[in-house]
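Dumped start-v7.pdb below, it's PDB, C-alpha atoms:
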```
ATOM      1  CA  MET P   1     -58.843 -56.709  -3.335
ATOM      2  CA  ALA P   2     -59.447 -54.735  -6.471
ATOM      3  CA  GLN P   3     -56.262 -52.742  -5.743
ATOM      4  CA  LEU P   4     -54.090 -55.818  -6.214
ATOM      5  CA  ALA P   5     -55.190 -56.129  -9.829
ATOM      6  CA  VAL P   6     -53.860 -52.630 -10.539
ATOM      7  CA  LEU P   7     -50.375 -53.372  -9.211
ATOM      8  CA  PRO P   8     -47.661 -54.441 -11.672
ATOM      9  CA  PRO P   9     -46.797 -58.123 -11.704
ATOM     10  CA  ARG P  10     -44.224 -59.360  -9.230
ATOM     11  CA  PRO P  11     -40.771 -60.003 -10.627
ATOM     12  CA  THR P  12     -39.770 -63.596 -10.796
ATOM     13  CA  VAL P  13     -36.864 -64.597  -8.638
ATOM     14  CA  SER P  14     -34.671 -67.406  -9.781
ATOM     15  CA  VAL P  15     -33.189 -69.479  -7.041
ATOM     16  CA  ASP P  16     -30.189 -71.119  -8.631
ATOM     17  CA  HIS P  17     -27.745 -70.101  -5.871
ATOM     18  CA  ALA P  18     -27.769 -70.804  -2.228
ATOM     19  CA  PRO P  19     -28.870 -67.798  -0.111
ATOM     20  CA  HIS P  20     -25.380 -67.135   1.220
ATOM     21  CA  GLU P  21     -24.020 -67.032  -2.345
ATOM     22  CA  ALA P  22     -26.654 -64.520  -3.439
ATOM     23  CA  LEU P  23     -25.613 -62.204  -0.644
ATOM     24  CA  SER P  24     -21.925 -62.481  -1.481
ATOM     25  CA  ASP P  25     -22.727 -61.916  -5.190
ATOM     26  CA  PHE P  26     -24.607 -58.761  -4.250
ATOM     27  CA  ILE P  27     -21.851 -57.464  -1.989
ATOM     28  CA  TYR P  28     -18.998 -58.106  -4.393
ATOM     29  CA  ALA P  29     -20.886 -57.046  -7.538
ATOM     30  CA  ARG P  30     -21.143 -53.450  -6.363
ATOM     31  CA  PRO P  31     -18.217 -51.251  -7.316
ATOM     32  CA  PRO P  32     -16.161 -50.065  -4.353
ATOM     33  CA  ARG P  33     -17.187 -46.667  -3.121
ATOM     34  CA  GLU P  34     -14.458 -44.240  -3.991
ATOM     35  CA  ARG P  35     -13.938 -40.845  -2.481
ATOM     36  CA  ARG P  36     -14.078 -38.125  -5.054
ATOM     37  CA  LEU P  37     -11.513 -35.466  -4.397
ATOM     38  CA  VAL P  38     -12.171 -32.096  -5.945
ATOM     39  CA  ALA P  39      -9.254 -29.797  -6.679
ATOM     40  CA  LEU P  40      -9.598 -26.500  -4.860
ATOM     41  CA  ALA P  41      -8.760 -23.208  -6.520
ATOM     42  CA  ARG P  42      -5.450 -21.597  -5.646
ATOM     43  CA  ARG P  43      -7.265 -18.579  -4.171
ATOM     44  CA  THR P  44      -9.244 -20.855  -1.861
ATOM     45  CA  THR P  45      -6.081 -22.627  -0.753
ATOM     46  CA  VAL P  46      -4.301 -19.337  -0.059
ATOM     47  CA  ALA P  47      -7.332 -17.937   1.767
ATOM     48  CA  LEU P  48      -7.594 -20.997   4.015
ATOM     49  CA  TRP P  49      -3.868 -20.903   4.856
ATOM     50  CA  LEU P  50      -4.143 -17.181   5.648
ATOM     51  CA  LEU P  51      -7.175 -17.876   7.822
ATOM     52  CA  LEU P  52      -5.172 -20.544   9.635
ATOM     53  CA  ALA P  53      -2.275 -18.102  10.168
ATOM     54  CA  VAL P  54      -4.698 -15.476  11.485
ATOM     55  CA  GLY P  55      -6.161 -18.059  13.861
ATOM     56  CA  ILE P  56      -2.745 -18.971  15.235
ATOM     57  CA  PHE P  57      -1.844 -15.286  15.604
ATOM     58  CA  CYS P  58      -5.126 -14.572  17.415
ATOM     59  CA  CYS P  59      -4.589 -17.495  19.804
ATOM     60  CA  VAL P  60      -1.075 -16.308  20.651
ATOM     61  CA  GLU P  61      -2.279 -12.722  21.101
ATOM     62  CA  LEU P  62      -5.155 -13.793  23.341
ATOM     63  CA  LEU P  63      -2.800 -15.888  25.459
ATOM     64  CA  ALA P  64      -0.579 -12.820  25.851
ATOM     65  CA  ILE P  65      -3.590 -10.714  26.851
ATOM     66  CA  MET P  66      -4.682 -13.282  29.423
ATOM     67  CA  ASP P  67      -1.158 -13.615  30.890
ATOM     68  CA  SER P  68      -0.590  -9.879  31.255
ATOM     69  CA  ALA P  69      -1.103  -8.473  34.715
ATOM     70  CA  SER P  70      -3.172  -5.507  33.568
ATOM     71  CA  GLY P  71      -5.247  -7.532  31.107
ATOM     72  CA  CYS P  72      -6.740  -5.304  28.482
ATOM     73  CA  GLY P  73      -9.111  -2.433  28.758
ATOM     74  CA  GLY P  74     -10.750   0.174  26.651
ATOM     75  CA  ALA P  75     -13.143   0.086  23.745
ATOM     76  CA  ALA P  76     -10.751  -1.721  21.407
ATOM     77  CA  CYS P  77     -10.239  -4.599  23.825
ATOM     78  CA  SER P  78     -13.944  -4.761  24.564
ATOM     79  CA  VAL P  79     -14.727  -5.071  20.848
ATOM     80  CA  ALA P  80     -11.979  -7.603  20.253
ATOM     81  CA  THR P  81     -12.848  -9.919  23.149
ATOM     82  CA  PHE P  82     -16.658  -9.966  23.115
ATOM     83  CA  GLY P  83     -17.083  -7.405  25.859
ATOM     84  CA  GLY P  84     -13.944  -8.171  27.868
ATOM     85  CA  HIS P  85     -14.091 -11.980  27.756
ATOM     86  CA  PRO P  86     -10.735 -13.069  26.340
ATOM     87  CA  LEU P  87     -11.200 -16.682  27.448
ATOM     88  CA  VAL P  88     -14.360 -17.096  25.329
ATOM     89  CA  THR P  89     -12.582 -15.555  22.364
ATOM     90  CA  LEU P  90      -9.561 -17.806  22.936
ATOM     91  CA  VAL P  91     -11.730 -20.938  23.019
ATOM     92  CA  LEU P  92     -13.468 -19.959  19.756
ATOM     93  CA  ALA P  93     -10.165 -19.178  18.067
ATOM     94  CA  ALA P  94      -8.561 -22.397  19.326
ATOM     95  CA  VAL P  95     -11.474 -24.552  18.149
ATOM     96  CA  GLY P  96     -11.431 -22.949  14.710
ATOM     97  CA  THR P  97      -7.671 -23.159  14.379
ATOM     98  CA  SER P  98      -7.490 -26.794  15.437
ATOM     99  CA  GLY P  99     -10.371 -27.629  13.095
ATOM    100  CA  LEU P 100      -8.547 -26.035  10.188
ATOM    101  CA  LEU P 101      -5.332 -27.854  11.115
ATOM    102  CA  VAL P 102      -7.163 -31.179  11.027
ATOM    103  CA  ALA P 103      -8.862 -30.202   7.759
ATOM    104  CA  ALA P 104      -5.463 -29.325   6.266
ATOM    105  CA  ALA P 105      -4.308 -32.874   6.972
ATOM    106  CA  PHE P 106      -7.351 -34.411   5.281
ATOM    107  CA  THR P 107      -7.367 -32.071   2.277
ATOM    108  CA  ARG P 108      -3.723 -32.472   1.292
ATOM    109  CA  GLY P 109      -2.861 -28.979   2.466
ATOM    110  CA  PHE P 110      -6.142 -27.435   1.257
ATOM    111  CA  THR P 111      -5.426 -28.477  -2.352
ATOM    112  CA  ARG P 112      -7.925 -31.329  -2.768
ATOM    113  CA  ALA P 113     -11.022 -31.978  -0.728
ATOM    114  CA  SER P 114     -13.844 -34.484  -0.547
ATOM    115  CA  GLY P 115     -17.350 -33.713   0.585
ATOM    116  CA  ASN P 116     -16.532 -34.852   4.105
ATOM    117  CA  ALA P 117     -13.615 -32.443   4.339
ATOM    118  CA  PHE P 118     -15.926 -29.532   3.611
ATOM    119  CA  TRP P 119     -18.034 -30.535   6.610
ATOM    120  CA  LEU P 120     -14.967 -29.885   8.749
ATOM    121  CA  THR P 121     -13.498 -26.897   6.909
ATOM    122  CA  VAL P 122     -16.583 -24.684   6.772
ATOM    123  CA  PRO P 123     -17.474 -24.726  10.512
ATOM    124  CA  ALA P 124     -13.817 -24.237  11.422
ATOM    125  CA  GLY P 125     -13.606 -21.238   9.121
ATOM    126  CA  LEU P 126     -16.823 -19.808  10.534
ATOM    127  CA  THR P 127     -15.554 -20.276  14.073
ATOM    128  CA  LEU P 128     -12.417 -18.359  13.177
ATOM    129  CA  ALA P 129     -14.553 -15.671  11.583
ATOM    130  CA  SER P 130     -16.070 -15.142  15.024
ATOM    131  CA  VAL P 131     -12.795 -13.615  16.150
ATOM    132  CA  ALA P 132     -13.122 -11.006  13.415
ATOM    133  CA  GLY P 133     -13.468  -8.353  16.117
ATOM    134  CA  LEU P 134      -9.938  -9.080  17.267
ATOM    135  CA  LEU P 135      -8.679  -8.952  13.717
ATOM    136  CA  ALA P 136     -10.599  -5.729  13.058
ATOM    137  CA  VAL P 137      -8.877  -4.040  15.991
ATOM    138  CA  PHE P 138      -5.449  -5.108  14.719
ATOM    139  CA  VAL P 139      -6.207  -3.978  11.164
ATOM    140  CA  ALA P 140      -7.577  -0.640  12.368
ATOM    141  CA  THR P 141      -4.486  -0.106  14.503
ATOM    142  CA  ALA P 142      -2.208  -0.936  11.571
ATOM    143  CA  LEU P 143      -4.110   1.434   9.285
ATOM    144  CA  ILE P 144      -3.898   4.239  11.834
ATOM    145  CA  LEU P 145      -0.160   3.670  12.257
ATOM    146  CA  ILE P 146       0.430   3.592   8.493
ATOM    147  CA  THR P 147      -1.609   6.762   8.033
ATOM    148  CA  ALA P 148       0.310   8.503  10.822
ATOM    149  CA  ILE P 149       3.668   7.449   9.352
ATOM    150  CA  LEU P 150       2.566   8.619   5.914
ATOM    151  CA  ALA P 151       1.387  11.979   7.309
ATOM    152  CA  VAL P 152       4.656  12.538   9.171
ATOM    153  CA  THR P 153       6.653  11.599   6.064
ATOM    154  CA  VAL P 154       4.658  13.984   3.848
ATOM    155  CA  CYS P 155       4.994  16.820   6.390
ATOM    156  CA  CYS P 156       8.736  16.259   6.728
ATOM    157  CA  ALA P 157       9.162  16.148   2.948
ATOM    158  CA  PHE P 158       7.053  19.308   2.505
ATOM    159  CA  PHE P 159       8.962  21.319   5.126
ATOM    160  CA  ALA P 160      12.338  19.964   3.920
ATOM    161  CA  ASP P 161      11.590  21.290   0.424
ATOM    162  CA  HIS P 162      10.239  24.666   1.631
ATOM    163  CA  SER P 163      12.784  25.605   4.239
TER     164      SER P 163
END
```

Let me see the structure of the file written as structure tokens.
Amino acid sequence: MAQLAVLPPRPTVSVDHAPHEALSDFIYARPPRERRLVALARRTTVALWLLLAVGIFCCVELLAIMDSASGCGGAACSVATFGGHPLVTLVLAAVGTSGLLVAAAFTRGFTRASGNAFWLTVPAGLTLASVAGLLAVFVATALILITAILAVTVCCAFFADHS
């Protein structure tokens, strides 16, 4: 019992209230828990809305791929759909897109967010990032088309000036 002598003295408890009053005093004395909303930067808001638009576009594109009779083939389709599995890619894109839509409702359009909203926004954004293969194929195709149009325009301008 030598350890008890080392302990600090016990606080005295005054019992001037009935037990039910002490509990209600404790409950009502605490300040109400308020949700702290943090303002998000404009770049973050724009990036999240663009990510949501990309998710919707990918879902529509994957539905078109699944509805087509020939499906999709080739290396580009294989890269974009996780080895020719458009349904898996569609599910991932749909989960991410719907998660971001719900997060947009809770974050006032991605302008203010609480800590709980980040728990929904981050996984939804990461799920949409999983369809980056599909987006990479579209971006590569657009870059190739722009380069081809630019090359044809330069060639036409060169031969028009030298003819």

I'd like to see the residues matched by the PyMOL selection byres ((chain P and resi 112) around 6) on this file, and ideally I'd get them as a ChimeraX atom specification.
/P:37-40,107-108,110-111,113

C-alpha atoms of the current selection, written as a PDB file, keeping the file's coordinate frame:
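Done, and the output landed in selection.pdb:
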```
ATOM      1  CA  LEU P  37     -11.513 -35.466  -4.397  1.00  0.00           C
ATOM      2  CA  VAL P  38     -12.171 -32.096  -5.945  1.00  0.00           C
ATOM      3  CA  ALA P  39      -9.254 -29.797  -6.679  1.00  0.00           C
ATOM      4  CA  LEU P  40      -9.598 -26.500  -4.860  1.00  0.00           C
ATOM      5  CA  THR P 107      -7.367 -32.071   2.277  1.00  0.00           C
ATOM      6  CA  ARG P 108      -3.723 -32.472   1.292  1.00  0.00           C
ATOM      7  CA  PHE P 110      -6.142 -27.435   1.257  1.00  0.00           C
ATOM      8  CA  THR P 111      -5.426 -28.477  -2.352  1.00  0.00           C
ATOM      9  CA  ALA P 113     -11.022 -31.978  -0.728  1.00  0.00           C
TER      10      ALA P 113
END
```

Residue neighbourhood Gly71 in chain P, 10 Å, only C-alpha atoms, exclusion window fewer than 4 positions, as a VMD selection string:
chain P and resid 62 64 to 67 77 84 86

Pick the closest to Ala117 in chain P from P:Arg36, P:Ala80, P:Ala160, P:Leu150: which is it, counting all atoms listed in the file?
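Looking only at the distances to Ala117 in chain P, the closest residue turns out to be P:Arg36.
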
Residues matched by the PyMOL selection byres ((chain P and resi 45-48) around 12) as an MDAnalysis selection string
chainID P and resid 39:44 49:55 96:97 99:101 103:104 107:113 118 121:122 124:126 128:129

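Going from CA of Ala76 in chain P to CA of Ile56 in chain P covers 20.0 Å.
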
Nearest to Ala105 in chain P: which of P:Cys59, P:Ala151, P:Val91, P:Leu120 is it, counting all atoms listed in the file?
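The shortest atom-to-atom distance to Ala105 in chain P comes from P:Leu120.
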